[in-house]
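> The structure under discussion is supplied below as structure tokens; questions concerning it will follow.
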Amino acid sequence: MQVKSLHIDQLIERCKKADKSAQFELYKRYYKAMYNTAYRILNDSFEAEDIMQESFLIAYTKLGTFKAEKKEGYDSGVPFGAWLKRIVINKSLTQLKKIDKYENVPLERIGNPAEEEGLSDYSNLKANAILDEIKLLKGNYQTVLNLHFIEGFDYQEMAQIMDVSYENIRVMISRAKSKLKKNLKNSYEKIS
């Protein structure tokens with residue numbers, strides 16, 4: 001049986017036995033999504049490629065600890081992709097700290113953001129324009145917006161992943177959204 005036609009669970013079992021063709025097939029199935037995840041956090045293609053490669057190596061060595069989800073049962077396992085993505089995110093955040101792009105936001109109370117006087121119509125704004133504006137934000141703002149809005153993590157999960165308090169995550173998200181909104185407004189008004 002060719003590895004291309006194998007179910008993910010079968011591939012994982014063969015990977016546990018160090019089957020190189022199964023490992024390569026697993027890599028081919030997940031590399032693009034994992035690269036994109038690392039790139040959104042690191043904003044550097046070479047760093048993202050390195051982190052993705054390291055994450056796959058870690059995953060292959062720790063496959064014995066992976067607990068697959070069961071379709072019919074109460075098993076607490078997770079899908080392989082989610083497990084691998086967690087490895088990629090953790091490695092990316094560790095790398096971000098190492099290269100000193102990650103800054104903690106001081107815990108201070110922030111007031112309600114000033115309300116916009118006029119509401120703008122952003123319906124013509126494309127998703128890529130928003131993603132480009134996110135890339136222009138400072139490192140920790142990029143990270144929290146990507147983890148929350150693109151990767152889908154809630155505040156509690158983000159606090160755990162980033163090893164900061166829940167309140168700090170709330171402050172970072174609030175500030176990042178305000179800054180993004182301001183930048184989008186400025187960019188949008190230049191286009192209009």
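In the structure tokens, the first chain shown is A, the next is B, and so on; residue numbers restart at 1 for each chain, and ligands run from 1 in the order shown.
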Please provide the set of residues having any atom within 9 Å of Lys91 (chain A), restricted to only C-alpha atoms, with same-chain residues fewer than 5 positions apart removed, written as a PyMOL selection string.

chain A and resi 38+51-52+54-55+86+96

> Give me a file of those residues, with N, CA and C atoms, as a tab-separated table (two decimals), in the first residue's frame.


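Result written to selection.tsv:
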chain	number	residue	atom	x	y	z
A	38	ALA	N	4.19	29.43	11.69
A	38	ALA	CA	5.47	29.95	12.18
A	38	ALA	C	5.76	31.32	11.56
A	51	ILE	N	12.10	26.79	12.13
A	51	ILE	CA	11.21	26.38	13.22
A	51	ILE	C	10.32	25.23	12.76
A	52	MET	N	9.83	25.31	11.54
A	52	MET	CA	8.99	24.23	11.03
A	52	MET	C	9.77	22.92	10.98
A	54	GLU	N	12.47	22.05	12.72
A	54	GLU	CA	12.72	21.60	14.09
A	54	GLU	C	11.46	21.01	14.72
A	55	SER	N	10.33	21.62	14.45
A	55	SER	CA	9.07	21.13	15.01
A	55	SER	C	8.73	19.74	14.51
A	86	ARG	N	0.65	23.11	17.97
A	86	ARG	CA	1.05	23.56	19.31
A	86	ARG	C	2.57	23.54	19.44
A	96	LEU	N	11.11	33.66	19.11
A	96	LEU	CA	10.82	35.08	19.14
A	96	LEU	C	11.45	35.72	20.38

> Find the residues around Ser92 (chain A) up to 8 Å (only C-alpha atoms counted), leave out those fewer than 2 positions away in its own chain, and share them as a ChimeraX atom specification.

/A:38,41-42,48,51,88-90,94-96

> Residues near Lys177 (chain A), anyone? I mean within 10 Å using only C-alpha atoms, not counting same-chain ones fewer than 3 positions away, as a VMD selection string.

chain A and resid 134 141 to 142 144 to 145 171 to 174 180 to 183

> Put those residues in a file: C-alpha atoms, as a compact mmCIF listing (two decimals), in the first residue's frame.


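Output below, filename result05.txt:
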# COMPACT_ATOMS: atom_id res chain seq x y z
CA ILE A 134 -0.82 43.33 11.10
CA TYR A 141 0.95 42.93 18.86
CA GLN A 142 1.45 40.75 15.76
CA VAL A 144 -1.40 38.18 19.97
CA LEU A 145 -3.54 39.12 16.96
CA VAL A 171 -4.20 44.52 27.59
CA MET A 172 -2.08 43.40 24.65
CA ILE A 173 -5.13 42.43 22.57
CA SER A 174 -6.87 45.70 23.37
CA LEU A 180 -4.51 48.09 14.02
CA LYS A 181 -7.77 50.00 13.76
CA LYS A 182 -5.89 53.32 13.77
CA ASN A 183 -3.44 52.10 11.11

> Counting only C-alpha atoms, which of A:Gln53, A:Val3, A:Met34, A:Trp83 gets nearest to Lys20 (chain A)?

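Looking at the shortest contact to Lys20 (chain A), the residue is A:Val3.
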
> Restricting the calculation to only C-alpha atoms, which member of A:Ala176, A:Ile130, A:Val164, A:Leu84 is positioned closest to Thr143 (chain A)?

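Counting only C-alpha atoms, the residue closest to Thr143 (chain A) is A:Ala176.
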
> Which of these, A:Asp9, A:Lys138, A:Ile169, A:Gly81, has the shortest distance to Tyr27 (chain A) once you count only C-alpha atoms?

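Closest to Tyr27 (chain A) of all the choices is A:Gly81.
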
> Cys15 (chain A): which residues within 9 Å, counting only C-alpha atoms, same-chain residues fewer than 5 positions away excluded, as a short mmCIF file (atom, residue, chain, number, x, y, z; two decimals) with N, CA and C atoms, in the first residue's frame?


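Saved to part_14.cif:
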data_model
loop_
_atom_site.label_atom_id
_atom_site.label_comp_id
_atom_site.auth_asym_id
_atom_site.auth_seq_id
_atom_site.Cartn_x
_atom_site.Cartn_y
_atom_site.Cartn_z
N GLN A 10 -2.73 5.64 10.39
CA GLN A 10 -1.83 4.61 9.85
C GLN A 10 -0.44 5.21 9.60
N LYS A 20 10.65 6.07 6.87
CA LYS A 20 11.00 7.36 6.25
C LYS A 20 9.97 7.83 5.24
N SER A 21 9.39 6.91 4.47
CA SER A 21 8.38 7.32 3.48
C SER A 21 7.12 7.83 4.18
N ALA A 22 6.76 7.25 5.31
CA ALA A 22 5.60 7.73 6.07
C ALA A 22 5.90 9.09 6.69
N GLN A 23 7.13 9.26 7.17
CA GLN A 23 7.51 10.56 7.74
C GLN A 23 7.46 11.65 6.67
N LEU A 26 3.81 12.50 5.89
CA LEU A 26 3.26 13.31 6.98
C LEU A 26 3.74 14.76 6.84
N TYR A 60 8.41 13.93 15.44
CA TYR A 60 8.77 12.55 15.14
C TYR A 60 9.37 11.85 16.37
N LEU A 63 6.39 11.20 19.04
CA LEU A 63 5.14 10.57 18.59
C LEU A 63 4.58 9.58 19.60
#

> My list of candidates is A:Tyr31, A:Asn128, A:Thr61, A:Asp163. Which is closest to Lys17 (chain A) when distances are computed with only C-alpha atoms?

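Going through A:Tyr31, A:Asn128, A:Thr61, A:Asp163 one by one, the smallest distance to Lys17 (chain A) is for A:Thr61.
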
> Separation of CA of Pro79 (chain A) and CA of Tyr39 (chain A), in Å?

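About the pair CA of Pro79 (chain A) and CA of Tyr39 (chain A): they are 21.7 Å apart.
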
> Would you please work out which residue, of A:Glu13, A:Gly139, A:Ala18, A:Asp154, is nearest to Lys67 (chain A) when using only C-alpha atoms?

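Closest to Lys67 (chain A) of all the choices is A:Glu13.
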
> CA of Asn43 (chain A) and CA of Phe66 (chain A) are how many Å apart?

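Spanning CA of Asn43 (chain A) to CA of Phe66 (chain A) is a straight-line distance of 28.5 Å.
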
> May I ask which of the residues A:Tyr166, A:Arg29, A:Leu147, A:Arg175 is the closest one to Leu93 (chain A), counting only C-alpha atoms?

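So, comparing all the options, the nearest one is A:Leu147.
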